[in-house]
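Listing of upload.txt, compact mmCIF, C-alpha atoms and all ligand atoms
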# COMPACT_ATOMS: atom_id res chain seq x y z
CA MET A 1 -21.00 -10.75 6.68
CA SER A 2 -20.00 -8.54 9.62
CA ASN A 3 -17.68 -11.29 10.96
CA THR A 4 -15.86 -11.55 7.66
CA PRO A 5 -12.40 -9.94 7.89
CA LEU A 6 -11.52 -7.35 5.29
CA LEU A 7 -8.52 -9.41 4.19
CA LYS A 8 -7.56 -12.92 5.11
CA THR A 9 -4.76 -15.07 3.76
CA GLU A 10 -4.79 -18.82 4.27
CA GLY A 11 -1.57 -20.80 3.83
CA LEU A 12 -0.42 -18.25 1.28
CA GLY A 13 2.80 -19.10 -0.51
CA ILE A 14 4.86 -18.58 -3.63
CA GLN A 15 7.90 -20.38 -4.88
CA PHE A 16 10.44 -19.07 -7.40
CA GLY A 17 12.37 -22.09 -8.67
CA GLY A 18 13.68 -23.71 -5.50
CA LEU A 19 13.11 -20.64 -3.32
CA LYS A 20 10.03 -20.41 -1.11
CA ALA A 21 9.84 -16.60 -1.03
CA VAL A 22 6.61 -16.74 1.03
CA ASP A 23 5.42 -19.84 2.83
CA GLU A 24 2.26 -20.62 4.85
CA PHE A 25 1.48 -16.96 5.45
CA ASN A 26 -1.70 -16.67 7.53
CA PHE A 27 -2.82 -13.13 8.18
CA GLU A 28 -5.95 -11.10 8.85
CA ILE A 29 -6.68 -7.41 8.83
CA ASP A 30 -10.02 -5.70 9.40
CA HIS A 31 -11.62 -2.44 8.31
CA GLY A 32 -9.72 0.59 9.61
CA GLN A 33 -6.85 -1.33 11.22
CA LEU A 34 -3.27 -0.13 10.88
CA PHE A 35 -0.75 -2.97 10.79
CA GLY A 36 2.94 -3.21 9.99
CA LEU A 37 4.89 -5.83 8.05
CA ILE A 38 8.57 -5.99 8.94
CA GLY A 39 11.50 -8.33 8.46
CA PRO A 40 15.09 -8.42 7.23
CA ASN A 41 15.95 -7.65 3.61
CA GLY A 42 14.71 -10.37 1.31
CA ALA A 43 12.27 -11.78 3.90
CA GLY A 44 9.38 -11.67 1.40
CA LYS A 45 7.53 -8.47 2.33
CA THR A 46 7.21 -6.92 -1.13
CA THR A 47 6.42 -10.35 -2.53
CA ILE A 48 3.39 -10.45 -0.20
CA PHE A 49 2.23 -7.09 -1.60
CA ASN A 50 2.70 -8.45 -5.12
CA LEU A 51 0.57 -11.48 -4.19
CA LEU A 52 -2.17 -9.33 -2.61
CA THR A 53 -2.37 -7.07 -5.65
CA GLY A 54 -2.41 -9.82 -8.29
CA VAL A 55 1.06 -9.06 -9.67
CA TYR A 56 2.14 -12.57 -8.63
CA THR A 57 -0.02 -15.69 -8.63
CA PRO A 58 0.26 -17.76 -5.43
CA THR A 59 1.64 -21.29 -5.79
CA SER A 60 -0.25 -22.28 -2.63
CA GLY A 61 -3.02 -21.06 -0.36
CA GLN A 62 -5.52 -18.33 -0.98
CA ILE A 63 -6.36 -14.68 -0.44
CA LEU A 64 -9.86 -13.66 0.59
CA PHE A 65 -10.93 -10.04 0.32
CA GLU A 66 -14.24 -9.43 2.09
CA GLY A 67 -14.70 -13.18 1.88
CA GLN A 68 -14.16 -13.28 -1.88
CA SER A 69 -11.24 -15.20 -3.38
CA LEU A 70 -8.80 -13.06 -5.37
CA ALA A 71 -7.59 -16.06 -7.39
CA HIS A 72 -7.30 -15.28 -11.13
CA LYS A 73 -8.21 -11.63 -10.60
CA SER A 74 -6.14 -9.06 -12.48
CA PRO A 75 -4.35 -6.19 -10.67
CA THR A 76 -6.90 -3.77 -12.20
CA LYS A 77 -9.83 -5.81 -10.92
CA ILE A 78 -8.22 -6.03 -7.47
CA THR A 79 -7.83 -2.23 -7.43
CA GLU A 80 -11.53 -1.93 -8.30
CA LEU A 81 -12.42 -4.28 -5.45
CA GLY A 82 -10.62 -1.95 -3.04
CA ILE A 83 -6.90 -2.70 -2.65
CA ALA A 84 -4.47 0.10 -3.54
CA ARG A 85 -0.72 0.35 -3.09
CA THR A 86 2.35 2.50 -3.29
CA PHE A 87 5.78 1.26 -4.30
CA GLN A 88 9.19 1.04 -2.67
CA ASN A 89 10.62 3.17 -5.47
CA ILE A 90 8.30 6.07 -6.16
CA ARG A 91 6.29 5.42 -9.31
CA LEU A 92 4.73 8.72 -10.27
CA PHE A 93 4.16 9.99 -13.79
CA LYS A 94 7.05 12.38 -13.36
CA GLU A 95 6.41 14.49 -16.45
CA MET A 96 2.75 15.03 -15.56
CA SER A 97 1.40 17.65 -13.17
CA VAL A 98 0.64 16.82 -9.56
CA ILE A 99 -3.11 17.05 -10.14
CA ASP A 100 -2.99 14.87 -13.26
CA ASN A 101 -1.21 12.18 -11.27
CA VAL A 102 -4.17 12.10 -8.86
CA LYS A 103 -6.70 12.12 -11.73
CA VAL A 104 -5.11 8.98 -13.18
CA GLY A 105 -6.09 7.21 -9.97
CA LEU A 106 -9.58 8.70 -9.99
CA HIS A 107 -10.38 7.22 -13.39
CA HIS A 108 -10.85 3.87 -11.69
CA SER A 109 -13.72 5.14 -9.59
CA GLU A 110 -15.38 7.35 -12.23
CA GLU A 111 -18.03 6.07 -14.60
CA TYR A 112 -16.08 6.82 -17.74
CA ASN A 113 -18.00 6.89 -20.98
CA LEU A 114 -15.67 6.54 -23.96
CA LEU A 115 -18.04 8.14 -26.48
CA SER A 116 -18.66 11.18 -24.33
CA ALA A 117 -14.89 11.49 -23.86
CA ILE A 118 -14.22 11.33 -27.61
CA PHE A 119 -16.97 13.78 -28.55
CA HIS A 120 -16.51 16.03 -25.51
CA THR A 121 -20.22 16.03 -24.70
CA PRO A 122 -21.64 18.08 -21.77
CA SER A 123 -21.54 14.96 -19.60
CA TYR A 124 -17.82 14.63 -20.39
CA PHE A 125 -17.15 18.16 -19.18
CA LYS A 126 -19.27 17.58 -16.07
CA GLY A 127 -17.32 14.40 -15.37
CA GLU A 128 -14.03 16.22 -15.91
CA GLU A 129 -15.07 19.03 -13.59
CA LYS A 130 -16.05 16.61 -10.86
CA MET A 131 -12.78 14.76 -11.25
CA ASP A 132 -10.89 18.05 -10.97
CA GLN A 133 -12.76 18.94 -7.78
CA ASP A 134 -12.22 15.49 -6.27
CA ALA A 135 -8.52 15.59 -7.13
CA ARG A 136 -8.14 19.04 -5.52
CA LYS A 137 -9.92 17.83 -2.37
CA LEU A 138 -7.51 14.91 -2.12
CA LEU A 139 -4.50 17.18 -2.64
CA ALA A 140 -5.80 19.47 0.11
CA VAL A 141 -5.77 16.59 2.60
CA PHE A 142 -2.03 16.32 2.01
CA GLY A 143 -1.42 20.08 1.91
CA LEU A 144 -0.49 19.72 -1.75
CA GLU A 145 -3.16 21.94 -3.31
CA ALA A 146 -0.69 24.76 -3.97
CA TYR A 147 1.40 22.33 -6.02
CA ALA A 148 -1.49 21.15 -8.24
CA ASP A 149 0.03 22.42 -11.49
CA VAL A 150 3.66 21.69 -10.67
CA LYS A 151 5.38 18.88 -12.55
CA ALA A 152 5.50 15.85 -10.23
CA SER A 153 9.27 15.48 -10.62
CA ASN A 154 9.75 19.02 -9.29
CA LEU A 155 8.17 18.22 -5.90
CA PRO A 156 10.50 17.67 -2.94
CA TYR A 157 11.05 13.98 -2.23
CA GLY A 158 8.82 13.79 0.85
CA LYS A 159 5.96 15.41 -1.03
CA GLN A 160 6.33 13.00 -3.95
CA ARG A 161 5.76 10.16 -1.48
CA GLN A 162 2.66 11.95 -0.15
CA LEU A 163 1.41 12.42 -3.71
CA GLU A 164 1.78 8.71 -4.34
CA ILE A 165 -0.43 8.02 -1.32
CA ALA A 166 -2.97 10.63 -2.52
CA ARG A 167 -3.08 8.97 -5.94
CA ALA A 168 -3.61 5.53 -4.37
CA LEU A 169 -6.47 6.92 -2.27
CA GLY A 170 -8.10 8.24 -5.43
CA THR A 171 -9.10 4.68 -6.28
CA ASN A 172 -11.22 4.71 -3.12
CA PRO A 173 -9.56 1.71 -1.46
CA LYS A 174 -10.67 -0.21 1.62
CA LEU A 175 -7.12 -1.48 2.09
CA LEU A 176 -4.03 0.60 1.41
CA LEU A 177 -0.64 -1.10 1.10
CA LEU A 178 2.35 1.18 1.67
CA ASP A 179 5.75 -0.21 0.67
CA GLU A 180 8.48 1.54 2.68
CA PRO A 181 6.80 4.94 2.62
CA ALA A 182 9.59 6.53 4.71
CA ALA A 183 12.43 5.22 2.54
CA GLY A 184 14.90 8.01 1.80
CA MET A 185 13.11 10.53 4.01
CA ASN A 186 14.82 12.76 6.54
CA PRO A 187 13.57 12.65 10.18
CA THR A 188 11.34 15.72 9.70
CA GLU A 189 9.71 14.21 6.60
CA THR A 190 9.27 10.89 8.42
CA ALA A 191 7.57 12.60 11.38
CA GLU A 192 5.24 14.40 8.94
CA LEU A 193 4.53 11.11 7.18
CA MET A 194 3.55 9.44 10.46
CA LYS A 195 0.92 12.11 10.99
CA THR A 196 -0.27 11.80 7.40
CA ILE A 197 -0.72 8.04 7.71
CA GLU A 198 -2.78 8.41 10.88
CA LEU A 199 -4.84 11.17 9.30
CA VAL A 200 -5.47 9.07 6.19
CA ARG A 201 -6.68 6.15 8.28
CA GLU A 202 -9.14 8.34 10.18
CA LYS A 203 -10.34 10.49 7.32
CA PHE A 204 -10.71 7.74 4.73
CA ASN A 205 -11.62 4.95 7.13
CA VAL A 206 -9.17 2.73 5.32
CA ALA A 207 -7.19 -0.24 6.62
CA ILE A 208 -3.45 0.20 6.16
CA LEU A 209 -0.69 -2.39 5.95
CA LEU A 210 2.76 -0.90 5.79
CA ILE A 211 6.18 -2.31 5.10
CA GLU A 212 8.77 -0.21 6.81
CA HIS A 213 12.34 -0.40 8.06
CA ASP A 214 11.99 2.73 10.20
CA MET A 215 11.24 1.17 13.59
CA LYS A 216 10.22 4.45 15.19
CA LEU A 217 7.49 4.83 12.59
CA VAL A 218 6.31 1.21 12.72
CA MET A 219 6.32 0.96 16.50
CA GLY A 220 4.81 4.42 16.84
CA ILE A 221 1.68 4.00 14.74
CA CYS A 222 0.92 0.30 14.12
CA GLU A 223 -1.58 -1.56 16.29
CA LYS A 224 -0.11 -4.90 15.32
CA ILE A 225 3.01 -5.99 13.52
CA ALA A 226 3.68 -9.10 11.46
CA VAL A 227 7.33 -10.15 11.39
CA LEU A 228 8.52 -12.11 8.41
CA ASN A 229 11.73 -14.12 8.26
CA PHE A 230 12.77 -16.25 5.27
CA GLY A 231 9.22 -16.06 3.92
CA THR A 232 7.50 -17.31 7.06
CA MET A 233 5.70 -15.46 9.82
CA LEU A 234 7.89 -15.28 12.91
CA ALA A 235 5.46 -13.28 15.06
CA PHE A 236 2.23 -11.31 14.77
CA ASP A 237 1.64 -9.12 17.80
CA THR A 238 1.42 -5.66 19.34
CA PRO A 239 4.51 -3.39 19.04
CA ASP A 240 5.39 -3.85 22.73
CA LYS A 241 5.34 -7.64 22.49
CA ILE A 242 7.25 -7.58 19.20
CA LYS A 243 9.95 -5.37 20.72
CA ASN A 244 10.51 -7.92 23.49
CA ASN A 245 10.18 -11.10 21.45
CA PRO A 246 13.61 -12.83 21.56
CA ASP A 247 13.11 -14.53 18.17
CA VAL A 248 12.38 -11.16 16.58
CA ILE A 249 15.33 -9.51 18.26
CA GLU A 250 17.61 -12.21 16.95
CA ALA A 251 16.18 -12.34 13.45
CA TYR A 252 15.54 -8.73 12.82
CA LEU A 253 16.33 -6.10 15.38
CA GLY A 254 19.73 -7.67 15.96
CA SER A 255 20.56 -7.57 12.27
CA ASP A 256 22.12 -4.65 10.40
CA ASP A 257 18.75 -2.97 9.58
N1 LIG B 301 10.09 -12.41 -9.48
C1 LIG B 301 10.98 -13.03 -8.69
N2 LIG B 301 11.73 -14.03 -9.16
C2 LIG B 301 12.64 -14.67 -8.38
N3 LIG B 301 12.84 -14.38 -7.09
C3 LIG B 301 12.11 -13.38 -6.56
C4 LIG B 301 11.13 -12.65 -7.31
N4 LIG B 301 10.57 -11.71 -6.50
C5 LIG B 301 11.15 -11.86 -5.31
N5 LIG B 301 12.07 -12.85 -5.33
C6 LIG B 301 12.89 -13.31 -4.19
O1 LIG B 301 12.03 -13.50 -3.08
C7 LIG B 301 12.69 -13.12 -1.88
C8 LIG B 301 11.86 -12.08 -1.16
O2 LIG B 301 11.97 -10.82 -1.82
P1 LIG B 301 11.17 -9.54 -1.39
O3 LIG B 301 11.52 -8.45 -2.37
O4 LIG B 301 9.76 -9.86 -1.20
O5 LIG B 301 11.82 -9.19 0.02
P2 LIG B 301 11.58 -7.97 0.97
O6 LIG B 301 11.30 -8.53 2.32
O7 LIG B 301 10.56 -7.06 0.39
O8 LIG B 301 13.01 -7.27 0.98
P3 LIG B 301 13.47 -5.73 1.09
O9 LIG B 301 13.27 -5.33 2.51
O10 LIG B 301 14.92 -5.80 0.71
O11 LIG B 301 12.65 -4.97 0.11
C9 LIG B 301 14.08 -12.64 -2.27
O12 LIG B 301 14.97 -13.71 -2.11
C10 LIG B 301 13.90 -12.28 -3.73
O13 LIG B 301 15.14 -12.39 -4.43
Once more with this new file: its structure as C-alpha cells, please.
Ligand SMILES: Nc1ncnc2c1ncn2[C@@H]1O[C@H](COP(=O)(O)OP(=O)(O)OP(=O)(O)O)[C@@H](O)[C@H]1O
Amino acid sequence: MSNTPLLKTEGLGIQFGGLKAVDEFNFEIDHGQLFGLIGPNGAGKTTIFNLLTGVYTPTSGQILFEGQSLAHKSPTKITELGIARTFQNIRLFKEMSVIDNVKVGLHHSEEYNLLSAIFHTPSYFKGEEKMDQDARKLLAVFGLEAYADVKASNLPYGKQRQLEIARALGTNPKLLLLDEPAAGMNPTETAELMKTIELVREKFNVAILLIEHDMKLVMGICEKIAVLNFGTMLAFDTPDKIKNNPDVIEAYLGSDD
C-alpha cells in the first residue's frame, strides 16, 4: 500500500459535445506534495477539479484515490474519502458567521446523530461543544479567531479566501484542491496567502494541488507544475524546468496571462 500514490489519473478525459475539454490526462500526486496546475484560459484546469471531485463524470480513463476508483462516487462521498476544494469564485455562506461557515465543513467529519440533534440530548451538546472548539482551532491557524462571530460577507476579501480554505480543511482532507486562490488579491494578500498555503501543508500534512495564474505564487511554492493546453498535458516538471520549457513559453507564458 505504501507505493500507492495518493491520487493517480489514468487517461482521464471528458468531452462536451465535440469539445475534448480534458484528454488523456495522466497525473500523480503523493501525500504532502504541493503541485501547481497552470495553463491558458479555457485549457481545462477547473474541469479537472470538477472531475476529481465527482461534479463531472469522465468520458474516458479513471481516477484512483489511494488506489480506489472514484467512478460513480458522489461529491459528498469523495469529500468523505479525503478530497476537499475551494472555488474560483468564493462560495461562502455569506449571511452566516465566520465560525458557522467552518462548522458546516466539520459536519462531514463528526459522527452526527440525528435523534440527539432533534432532542438536544447531552451528547448533542457535547458534540456541539467539540465542534465549536475544533472550528475555533482552525480559525486560529488562519488568524481568524477574532472574526469568529462576524458575518462572512463582512470579512475583507483576502480573509474570505482564507476562510474558504479553513472550511475545506474542516473536512479533514488528504488532498486539497485550490482553484485560483489568489484571484482578485492585492500583492500583500497574495504574499500572505503563499505563507498560509505552506503552513497548511506542514500543519495538516495535506497534499495540495493549486490552479493559479499568479506565476510568482506558483513558481514560488510548488514542487512540480503540470501545464495544460487545450485539455492535454504539455509538461509536468519542476518550476525551473517549466520556466525554461519552450513549448510552455509559447503556449502559456507568451500569452496574455
Ligand atoms: N459543463 C460544460 N459544458 C460545456 N463545456 C464546458 C463545460 N465545462 C467546461 N467546458 C469547456 O471546457 C473548456 C475548459 O474549461 P475550464 O473552465 O476547465 O478551463 P480553465 O482552464 O479552468 O480556464 P480558466 O483559467 O479561464 O478558469 C472550456 O472550453 C469550457 O468552455
Give me, as a PDB file with C-alpha atoms, in the frame of the given file, the set of residues whose atoms come within 6 Å of any atom of ligand LIG 301 (chain B), counting all atoms listed in the file.
ATOM      1  CA  PHE A  16      10.440 -19.070  -7.400  1.00  0.00           C
ATOM      2  CA  ALA A  21       9.840 -16.600  -1.030  1.00  0.00           C
ATOM      3  CA  PRO A  40      15.090  -8.420   7.230  1.00  0.00           C
ATOM      4  CA  ASN A  41      15.950  -7.650   3.610  1.00  0.00           C
ATOM      5  CA  GLY A  42      14.710 -10.370   1.310  1.00  0.00           C
ATOM      6  CA  ALA A  43      12.270 -11.780   3.900  1.00  0.00           C
ATOM      7  CA  GLY A  44       9.380 -11.670   1.400  1.00  0.00           C
ATOM      8  CA  LYS A  45       7.530  -8.470   2.330  1.00  0.00           C
ATOM      9  CA  THR A  46       7.210  -6.920  -1.130  1.00  0.00           C
ATOM     10  CA  THR A  47       6.420 -10.350  -2.530  1.00  0.00           C
TER      11      THR A  47
END
For segment 50-80 of chain A against segment 164-175 of chain A, with a cut-off of 12 Å and counting all atoms listed in the file, what is the closest atom pair and its distance in Å to one decimal for every residue that makes the cut, ordered by chain and number, as JSON lines?
{"residue": "A:Leu52", "atom": "CA", "partner": "A:Leu175", "partner_atom": "CA", "distance": 10.4}
{"residue": "A:Thr53", "atom": "CA", "partner": "A:Leu175", "partner_atom": "CA", "distance": 10.7}
{"residue": "A:Phe65", "atom": "CA", "partner": "A:Leu175", "partner_atom": "CA", "distance": 9.5}
{"residue": "A:Glu66", "atom": "CA", "partner": "A:Lys174", "partner_atom": "CA", "distance": 9.9}
{"residue": "A:Thr76", "atom": "CA", "partner": "A:Thr171", "partner_atom": "CA", "distance": 10.5}
{"residue": "A:Lys77", "atom": "CA", "partner": "A:Thr171", "partner_atom": "CA", "distance": 11.5}
{"residue": "A:Ile78", "atom": "CA", "partner": "A:Pro173", "partner_atom": "CA", "distance": 9.9}
{"residue": "A:Thr79", "atom": "CA", "partner": "A:Thr171", "partner_atom": "CA", "distance": 7.1}
{"residue": "A:Glu80", "atom": "CA", "partner": "A:Thr171", "partner_atom": "CA", "distance": 7.3}
Can you tell me which residues surround Phe25 of chain A at a distance of at most 7 Å, considering all atoms listed in the file, apart from same-chain residues fewer than 6 positions away, and format the answer as a PDB file with C-alpha atoms, in the frame of the given file?
ATOM      1  CA  THR A   9      -4.760 -15.070   3.760  1.00  0.00           C
ATOM      2  CA  GLU A  10      -4.790 -18.820   4.270  1.00  0.00           C
ATOM      3  CA  GLY A  11      -1.570 -20.800   3.830  1.00  0.00           C
ATOM      4  CA  LEU A  12      -0.420 -18.250   1.280  1.00  0.00           C
ATOM      5  CA  GLY A  13       2.800 -19.100  -0.510  1.00  0.00           C
ATOM      6  CA  THR A 232       7.500 -17.310   7.060  1.00  0.00           C
ATOM      7  CA  MET A 233       5.700 -15.460   9.820  1.00  0.00           C
TER       8      MET A 233
END
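Restricting the calculation to all atoms listed in the file, the smallest distance between Arg136 of chain A and any of A:Ile63, A:Leu199, A:Ala251, A:Val98 is found for A:Val98.
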Computed interatomic separation between atom CA of Arg91 of chain A and atom CA of Ala148 of chain A (Å): 17.6 Å
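Across the structure, atom CA of Thr188 of chain A and atom CA of Gln88 of chain A are spaced 19.3 Å apart.
For the residues A:Leu37, A:Leu51, A:Ala135, A:Val150, ranking by smallest atom-to-atom distance to Leu228 of chain A using only C-alpha atoms places A:Leu37 first.
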Show me, as a PDB file with C-alpha atoms, in the frame of the given file, the residues that have an atom within 10 Å of Leu64 of chain A when counting all atoms listed in the file, minus same-chain residues fewer than 6 positions from it.
ATOM      1  CA  THR A   4     -15.860 -11.550   7.660  1.00  0.00           C
ATOM      2  CA  PRO A   5     -12.400  -9.940   7.890  1.00  0.00           C
ATOM      3  CA  LEU A   6     -11.520  -7.350   5.290  1.00  0.00           C
ATOM      4  CA  LEU A   7      -8.520  -9.410   4.190  1.00  0.00           C
ATOM      5  CA  LYS A   8      -7.560 -12.920   5.110  1.00  0.00           C
ATOM      6  CA  THR A   9      -4.760 -15.070   3.760  1.00  0.00           C
ATOM      7  CA  GLU A  10      -4.790 -18.820   4.270  1.00  0.00           C
ATOM      8  CA  GLU A  28      -5.950 -11.100   8.850  1.00  0.00           C
ATOM      9  CA  LEU A  52      -2.170  -9.330  -2.610  1.00  0.00           C
ATOM     10  CA  LEU A  70      -8.800 -13.060  -5.370  1.00  0.00           C
ATOM     11  CA  ALA A  71      -7.590 -16.060  -7.390  1.00  0.00           C
TER      12      ALA A  71
END
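For the pair atom CA of Leu217 of chain A and atom CA of Leu193 of chain A, the interatomic distance is 8.8 Å.
Of the listed residues A:Val141, A:Val55, A:Ile249, A:Leu34, the one whose atoms come nearest to His72 of chain A is A:Val55, with distances taken using all atoms listed in the file.
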Residue contacts of Glu180 of chain A (9 Å, all atoms listed in the file) excluding same-chain residues fewer than 2 positions away, as a PyMOL selection string: chain A and resi 86-89+178+182-183+210-214
With C-alpha atoms retained, write the just-selected residues as a PDB file, in the frame of the given file.
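again11.pdb, freshly written:
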ATOM      1  CA  THR A  86       2.350   2.500  -3.290  1.00  0.00           C
ATOM      2  CA  PHE A  87       5.780   1.260  -4.300  1.00  0.00           C
ATOM      3  CA  GLN A  88       9.190   1.040  -2.670  1.00  0.00           C
ATOM      4  CA  ASN A  89      10.620   3.170  -5.470  1.00  0.00           C
ATOM      5  CA  LEU A 178       2.350   1.180   1.670  1.00  0.00           C
ATOM      6  CA  ALA A 182       9.590   6.530   4.710  1.00  0.00           C
ATOM      7  CA  ALA A 183      12.430   5.220   2.540  1.00  0.00           C
ATOM      8  CA  LEU A 210       2.760  -0.900   5.790  1.00  0.00           C
ATOM      9  CA  ILE A 211       6.180  -2.310   5.100  1.00  0.00           C
ATOM     10  CA  GLU A 212       8.770  -0.210   6.810  1.00  0.00           C
ATOM     11  CA  HIS A 213      12.340  -0.400   8.060  1.00  0.00           C
ATOM     12  CA  ASP A 214      11.990   2.730  10.200  1.00  0.00           C
TER      13      ASP A 214
END
Cut-off 10 Å around (-7.6, 0.1, 14.5) with only C-alpha atoms: residues as number ranges by chain: A: 29-35, 201-202, 205-208, 222-224
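The nearest approach to Gly36 of chain A among the residues A:Asn50, A:Ser97, A:Thr238, A:Ser153, with only C-alpha atoms taken into account, belongs to A:Thr238.
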All residues 10 Å or closer to Leu144 of chain A, all atoms listed in the file, same chain fewer than 5 positions away omitted, as a PyMOL selection string: chain A and resi 98-99+136-139+155+159-160+162-163+166
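With distances taken over all atoms listed in the file, A:Gly39 is the one residue among A:Gly39, A:Ala146, A:Lys20, A:Asp247 lying closest to Ile225 of chain A.
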Adding 3 Å on each side of the box along x, y and z that holds all listed atoms of segment 91-108 of chain A, could you give its centre and edge lengths in Å to one decimal, as AutoDock Vina command-line options?
--center_x -1.9 --center_y 10.8 --center_z -12.7 --size_x 23.9 --size_y 19.8 --size_z 13.6
